[in-house]
Structures are given as structure tokens and as C-alpha cells.
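Okay, structure first, notes after.
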Amino acid sequence: MQTPTSHIFVRTSVVDSIAELYATKGLSRKSVLLFDENTRKLYGDRIIESMQAQGFQTRELVVPARETSKSLSSAWKLYGKMIETDVDRSWNLLAVGGGVVGDLGGFIAASYYRGIPVIQLPTTLLAMTDSSIGGKVAINHPLGKNLIGFFHMPELVLIDPSYLKTLPSREIYGGMAEVVKYGFISDRGFFDLLDEHFDDITALREPWLTEAVSRSAFIKADVVEKDFRETTGLRATLNFGHTFAHGLEKMAEYRNLRHGEAVTLGMACALYLSHRLGFLAETELAESLRLIKRVRFPKGVVEKRFLSLDREELFDSMYSDKKKIDRQLRFVLIDRIGHAFLHDRDVAKAEVLGAIDDAMDYFR
């Protein structure tokens with residue numbers, strides 16, 4: 001297992017030194033580049049030209065920029081294109097994009113020829129700080145999100161914060177959900193930095209942006225290194241708020257609510273549940289909620305995708321979450337800012353519904 005940060009590089013114009021970075025891992029200069037339609041248009045020519053100038057052979061794959069691309073049918077088509085262009089085990093795959101491309105690219109790399117190396121080049125804040133790191137790669141099934149996949153660690157994660165300048169504010173605020181999560185679960189000092197410089201980070205001001213991205217990426221990498229296959233419960237803490245969030249995403253049919261937005265709402269529910277069960281003090285609950293409330297949503301999203309929901313239906317929808325065991329929901333809770341734990345005992349339905357009610361009241 002590589003050390004937590006030895007494969008993560010955060011720098012502007014990271015592609016300009018990609019041959020050097022590949023060499024640190026003994027990777028061949030033969031890469032399949034997977035884009036979505038947006039990342040191909042924004043970054044494709046620049047990346048391909050730079051790589052070819054550094055002596056790379058490249059093949060190019062492009063998928064639609066939508067969640068439905070994370071499917072077995074998409075993977076099947078891409079397998080065919082790789083076979084037709086003589087991609088063999090000597091190649092690797094570079095996934096350029098957000099969570100959809102990263103997950104799909106990782107899934108394909110894990111399964112093609114029984115596994116080829118994958119390199120992640122994330123282009124969204126959410127991907128830079130969460131989904132590109134840790135080796136969980138998956139596709140969706142109509143009955144649930146991320147249910148079919150592998151553990152396949154990236155050889156490299158190449159992060160260029162300047163890519164974020166091309167993103168709309170909705171994507172930035174969505175990504176901040178995962179950044180804030182690390183303050184809740186692992187680092188009180190990071191929480192305080194986020195509280196002080198939240199506006200600087202969302203405005204993409206340096207050095208605060210790179211600091212937030214780097215610390216988030218390294219916190220996740222450290223947790224993953226200590227509990228790669230989620231056997232001790234430590235890695236599960238990365239799912240703070242996600243049990244609620246995946247229920248919200250399913251009710252939104254995986255297209256009307258961004259993942260980060262769902263996580264923001266899910267973390268509010270998880271904070272209230274932590275308080276209701278006697279773990280989180282009132283003062284820290286209030287402090288936590290104030291930071292969450294700074295995440296902006298597009299007009300009407302909270303009202304339509306959260307406040308208008310039937311809480312019983314949301315509770316039932318949460319059972320699509322892959323982290324349940326024996327039909328029992330598992331919740332990640334916090335007992336103080338900077339420390340999370342997996343609550344592996346059954347939680348009364350009334351308490352879960354009460355936490356949802358509390359969060360709904362807070363956002364009204």
C-alpha cells in the first residue's frame with residue numbers, strides 16, 4: 001500500500017509534468033484518456049497536446065456528461081472501443097472529470113484485462129477532495145447508486161485547482177459539502193479554518209483554495225490507508241451524512257439534486273441525530289449548523305427536494321444505501337467537532353424521523 005500522500009500531487013499545470021509523475025510509479029506512456037463531453041471541450045486539446053509532446057501514445061474516449069453514464073451499458077461500449085484500438089495490459093487509463101468520469105474510469109480500469117492502472121485527474125471540487133481518492137469505483141444500478149464496483153486504487157491523483165475556475169458556483173458549493181465534512185469528522189483545526197475562510201475558498205482565492213483542497217485530499221487518503229476495505233469502521237466515517245443523502249438522491253432520481261447538495265442536507269440530519277442520541281452538545285450542534293448554512297443552493301432546490309418530501313418516504317428511500325447491513329441502517333455520527341464514529345447499533349425510527357424533522361425546520 002502506498003503511503004497516504006505519495007500518490008497525490010496538488011499543483012497548477014500538473015499536466016505539464018505528467019511524464020515525470022508517471023515515471024515515479026513506473027507507468028507506461030500509453031494512456032487511454034476518458035473524458036465527458038464537458039471536460040473534453042474544456043481541457044481535452046490542452047491535455048492531449050501536452051501529453052503527446054511528452055512522448056505519450058493516447059487513445060480518447062468520451063461519454064455524455066450525466067450520471068447515467070455510470071452504467072454497465074456505457075462501460076460495455078467503452079470496452080469495445082478499447083479492444084478495437086488494440087489497448088492491452090501495457091496501457092493505463094487517465095480519467096479526466098468529476099465523480100462520474102472518475103468512477104466509470106476506475107470501474108473500467110479495474111475490470112479491463114482483469115485490471116490496468118488508473119490515474120485520476122479530477123476537475124471538480126467534489127472529485128478533487130473526495131471521489132477521486134480512495135479507490136472505490138462503481139457504476140449505478142436502477143435499484144441503487146454505486147452498487148456494482150471494485151476497490152481499485154489510483155496509481156496517481158493529479159489535482160490542479162486552477163481547473164475549478166471553469167465551474168459554475170453550484171459545483172463549487174456542492175463540492176464544499178465534502179470539504180466541510182472533513183472538518184466535522186477528523187480535524188477541528190480544519191473546521192475552524194473553513195469557518196474563517198469559507199468565502200475565500202468558494203471565491204477560489206489563493207492560498208486558501210489550495211490549502212482546503214490539499215488538506216481534504218490528504219485527510220481522506222490517510223483514512224483510506226488505515227482502513228482500505230472498511231473493516232474497522234474508520235473509513236465508514238467518510239460517509240458522514242451520506243445515509244440520508246443517498247435517500248435524498250434516490251428520491252430525486254439521481255438527476256435533480258447534486259451529490260454535494262444531498263450531502264449538505266444529509267449532514268444536517270446527521271448532526272441533529274447525533275444531538276438527539278446524546279452524543280453532540282447543543283453548543284457544537286449550533287456551531288456546526290452555522291457552517292453548513294453557508295452552503296448555497298439554487299433557488300427552490302431545498303424546498304422541492306427536501307422540505308416538500310414525505311419523511312416516511314425518505315426513510316424508506318434510505319434503505320437503498322449500500323452501507324446498510326442486514327436491512328439495518330448504519331449512521332456515522334459525531335460526538336464533537338473533529339471526531340466521528342460509526343454507530344453500529346440500531347437507531348429507533350422515531351429518532352431518525354425526528355432528526356429529519358429538525359433539519360427541515362432549520363432550513364425553512
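Identifiers in the C-alpha cells: chain A, B, ... in order shown; residue index from 1 per chain; ligand index from 1 in order shown.
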
List every residue of segment 114-295 of chain A that DSSP, applied to the backbone of this structure, assigns to alpha helix (DSSP H), and report them as a ChimeraX atom specification.
-> /A:125-126,169-185,188-202,208-226,242-251,259-276,282-292

Output file for the selection above: C-alpha atoms, as a compact mmCIF listing (two decimals), in the first residue's frame:
```txt
# COMPACT_ATOMS: atom_id res chain seq x y z
CA LEU A 125 -14.07 20.31 -6.19
CA LEU A 126 -16.09 17.25 -5.18
CA SER A 169 -20.85 28.35 -8.44
CA ARG A 170 -23.31 25.48 -7.93
CA GLU A 171 -20.48 23.00 -8.46
CA ILE A 172 -18.20 24.85 -6.07
CA TYR A 173 -20.77 24.92 -3.28
CA GLY A 174 -21.64 21.29 -3.93
CA GLY A 175 -18.00 20.35 -3.52
CA MET A 176 -17.74 22.32 -0.30
CA ALA A 177 -20.02 19.75 1.33
CA GLU A 178 -17.23 17.18 1.24
CA VAL A 179 -14.62 19.73 2.31
CA VAL A 180 -16.68 20.72 5.35
CA LYS A 181 -17.23 17.03 6.12
CA TYR A 182 -13.53 16.58 6.84
CA GLY A 183 -13.67 19.28 9.48
CA PHE A 184 -16.59 17.52 11.14
CA ILE A 185 -15.12 14.04 11.14
CA ARG A 188 -11.22 20.63 14.48
CA GLY A 189 -8.46 22.97 13.30
CA PHE A 190 -9.53 22.48 9.70
CA PHE A 191 -13.15 23.19 10.70
CA ASP A 192 -12.01 26.50 12.22
CA LEU A 193 -10.05 27.38 9.07
CA LEU A 194 -13.12 26.68 6.94
CA ASP A 195 -15.28 28.77 9.23
CA GLU A 196 -12.87 31.70 8.93
CA HIS A 197 -12.11 31.44 5.20
CA PHE A 198 -15.27 29.90 3.75
CA ASP A 199 -15.90 32.88 1.48
CA ASP A 200 -12.27 32.94 0.31
CA ILE A 201 -12.42 29.27 -0.65
CA THR A 202 -15.74 29.50 -2.50
CA TRP A 208 -6.99 29.23 0.84
CA LEU A 209 -8.32 27.20 -2.09
CA THR A 210 -5.20 25.06 -2.48
CA GLU A 211 -4.95 24.70 1.30
CA ALA A 212 -8.54 23.44 1.55
CA VAL A 213 -8.15 21.05 -1.38
CA SER A 214 -4.83 19.68 -0.14
CA ARG A 215 -5.94 19.14 3.44
CA SER A 216 -9.17 17.48 2.34
CA ALA A 217 -7.38 15.14 -0.06
CA PHE A 218 -4.72 14.20 2.48
CA ILE A 219 -7.26 13.60 5.27
CA LYS A 220 -9.18 11.20 3.07
CA ALA A 221 -6.02 9.46 1.87
CA ASP A 222 -4.88 8.96 5.46
CA VAL A 223 -8.22 7.45 6.49
CA VAL A 224 -8.25 5.16 3.45
CA GLU A 225 -4.69 3.98 4.11
CA LYS A 226 -5.64 2.98 7.65
CA HIS A 242 -24.38 10.04 3.29
CA THR A 243 -27.02 7.61 4.57
CA PHE A 244 -29.54 10.45 4.49
CA ALA A 245 -28.00 11.88 1.31
CA HIS A 246 -28.36 8.70 -0.73
CA GLY A 247 -32.02 8.53 0.21
CA LEU A 248 -32.47 12.10 -0.99
CA GLU A 249 -30.63 11.37 -4.22
CA LYS A 250 -32.79 8.36 -4.96
CA MET A 251 -35.96 10.39 -4.42
CA HIS A 259 -24.49 14.82 -4.68
CA GLY A 260 -22.88 17.60 -2.68
CA GLU A 261 -26.23 19.25 -2.10
CA ALA A 262 -27.67 16.00 -0.83
CA VAL A 263 -24.65 15.54 1.45
CA THR A 264 -25.11 19.04 2.88
CA LEU A 265 -28.71 18.24 3.80
CA GLY A 266 -27.70 14.77 4.97
CA MET A 267 -25.05 16.19 7.28
CA ALA A 268 -27.63 18.49 8.87
CA CYS A 269 -29.79 15.45 9.56
CA ALA A 270 -26.79 13.52 10.93
CA LEU A 271 -25.87 16.43 13.22
CA TYR A 272 -29.38 16.52 14.64
CA LEU A 273 -29.35 12.75 15.06
CA SER A 274 -26.01 12.98 16.88
CA HIS A 275 -27.57 15.53 19.23
CA ARG A 276 -30.81 13.59 19.71
CA GLU A 282 -26.10 21.84 21.91
CA THR A 283 -23.34 24.44 21.50
CA GLU A 284 -21.40 22.38 18.97
CA LEU A 285 -24.61 21.49 17.14
CA ALA A 286 -25.35 25.18 16.68
CA GLU A 287 -21.77 25.92 15.60
CA SER A 288 -21.87 23.09 13.08
CA LEU A 289 -25.18 24.11 11.59
CA ARG A 290 -24.00 27.69 11.10
CA LEU A 291 -21.19 26.47 8.85
CA ILE A 292 -23.50 24.19 6.90
```

Taking only C-alpha atoms into account, produce a table as CSV in which each residue of segment 140-242 of chain A with an atom at most 12 Å from an atom of segment 38-46 of chain A appears once, together with its shortest atom pair and the distance in Å to one decimal, ordered by chain and rising number.
```
residue,atom,partner,partner_atom,distance
A:Asp160,CA,A:Tyr43,CA,11.7
A:Ser162,CA,A:Tyr43,CA,11.5
A:Tyr163,CA,A:Tyr43,CA,8.6
A:Leu164,CA,A:Leu42,CA,11.3
A:Lys165,CA,A:Leu42,CA,11.1
A:Thr166,CA,A:Leu42,CA,8.1
A:Leu167,CA,A:Leu42,CA,10.4
```

Please produce a file of those selected residues containing N, CA and C atoms, as a PDB file, in the first residue's frame.
```pdb
ATOM      1  N   ASP A 160      -5.237  19.814 -10.067  1.00  0.00           N
ATOM      2  CA  ASP A 160      -4.885  21.175 -10.488  1.00  0.00           C
ATOM      3  C   ASP A 160      -6.040  22.099 -10.098  1.00  0.00           C
ATOM      4  N   SER A 162      -6.594  25.090 -10.493  1.00  0.00           N
ATOM      5  CA  SER A 162      -6.979  26.116 -11.472  1.00  0.00           C
ATOM      6  C   SER A 162      -8.123  25.654 -12.358  1.00  0.00           C
ATOM      7  N   TYR A 163      -8.328  24.322 -12.461  1.00  0.00           N
ATOM      8  CA  TYR A 163      -9.457  23.819 -13.252  1.00  0.00           C
ATOM      9  C   TYR A 163     -10.803  24.291 -12.685  1.00  0.00           C
ATOM     10  N   LEU A 164     -10.831  24.588 -11.406  1.00  0.00           N
ATOM     11  CA  LEU A 164     -12.096  24.967 -10.773  1.00  0.00           C
ATOM     12  C   LEU A 164     -12.618  26.299 -11.286  1.00  0.00           C
ATOM     13  N   LYS A 165     -11.763  27.083 -11.922  1.00  0.00           N
ATOM     14  CA  LYS A 165     -12.202  28.397 -12.419  1.00  0.00           C
ATOM     15  C   LYS A 165     -13.222  28.280 -13.541  1.00  0.00           C
ATOM     16  N   THR A 166     -13.307  27.101 -14.145  1.00  0.00           N
ATOM     17  CA  THR A 166     -14.270  26.910 -15.238  1.00  0.00           C
ATOM     18  C   THR A 166     -15.650  26.495 -14.732  1.00  0.00           C
ATOM     19  N   LEU A 167     -15.778  26.250 -13.423  1.00  0.00           N
ATOM     20  CA  LEU A 167     -17.016  25.677 -12.895  1.00  0.00           C
ATOM     21  C   LEU A 167     -18.016  26.744 -12.466  1.00  0.00           C
TER      22      LEU A 167
END
```

Select from segment 55-123 of chain A every residue with an atom at most 10 Å from any atom of segment 140-148 of chain A, then for each give the shortest pair of atoms and their distance in Å to one decimal, using only C-alpha atoms, rows by chain and rising number, as a tab-separated table.
```
residue	atom	partner	partner_atom	distance
A:Glu67	CA	A:Asn140	CA	8.6
A:Thr68	CA	A:Asn140	CA	7.9
A:Ser69	CA	A:Asn140	CA	9.0
A:Lys70	CA	A:Asn140	CA	5.8
A:Ser71	CA	A:Asn140	CA	5.6
A:Leu72	CA	A:Asn140	CA	7.9
A:Asp103	CA	A:Asn146	CA	8.8
A:Leu104	CA	A:Asn140	CA	9.6
A:Phe107	CA	A:Ile148	CA	8.9
```

Compile the contact shell of Phe56 of chain A as a PyMOL selection string: residues with an atom at most 8 Å away, counting only C-alpha atoms, same-chain residues fewer than 3 positions apart removed.
-> chain A and resi 29-31+51-53

Atom CA of Leu78 of chain A and atom CA of Val63 of chain A are how many Å apart?
->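 Going from atom CA of Leu78 of chain A over to atom CA of Val63 of chain A, I get 8.9 Å.
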
Any chance you could list, as a list in words, the residues in segment 134-359 of chain A that come up strand (DSSP E) when DSSP is run on the backbone?
-> Lys136, Val137, Ala138, Ile139, Asn140, His141, Gly144, Lys145, Asn146, Leu147, Ile148, Gly149, Phe150, Phe151, Leu156, Val157, Leu158, Ile159, Phe331, Val332, Leu333, Ile334, Asp335, Arg336, His339, Ala340, Phe341, Leu342 and His343 of chain A

Atom CA of Arg59 of chain A to atom CA of Phe9 of chain A, distance in Å rounded to a single decimal |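 Going from atom CA of Arg59 of chain A over to atom CA of Phe9 of chain A covers 23.5 Å.
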
With distances taken over only C-alpha atoms, which of A:Leu33, A:Leu333, A:Glu303, A:Pro298 is nearest to Leu94 of chain A?
->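 Among the listed residues, A:Leu33 lies closest to Leu94 of chain A.
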
Tell me, as a PyMOL selection string, which residues lie within 12 Å of Arg229 of chain A, counting only C-alpha atoms; anything in the same chain fewer than 2 positions away does not count.
-> chain A and resi 134-136+150-153+223-227+231-236

Distance query Val14 of chain A at most 10 Å, only C-alpha atoms, self and fewer than 3 positions along chain excluded, as a list in words =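 So, after excluding close chain neighbours, the residues are Phe9, Val10, Arg11, Ser17, Ile18, Leu21, Ile47, Leu121, Leu158, Ile159, Asp160, Pro161 and Ser162 of chain A.
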
In Å to one decimal, how far is atom CA of Val118 of chain A from atom CA of Val87 of chain A?
->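 Here the two named atoms are 13.7 Å from each other.
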
Do you know which residues are at most 10 Å from Thr24 of chain A counting only C-alpha atoms, after dropping those on the same chain fewer than 2 positions away, and could you put them as an MDAnalysis selection string?
-> chainID A and resid 6:7 18:22 26:27 155:156
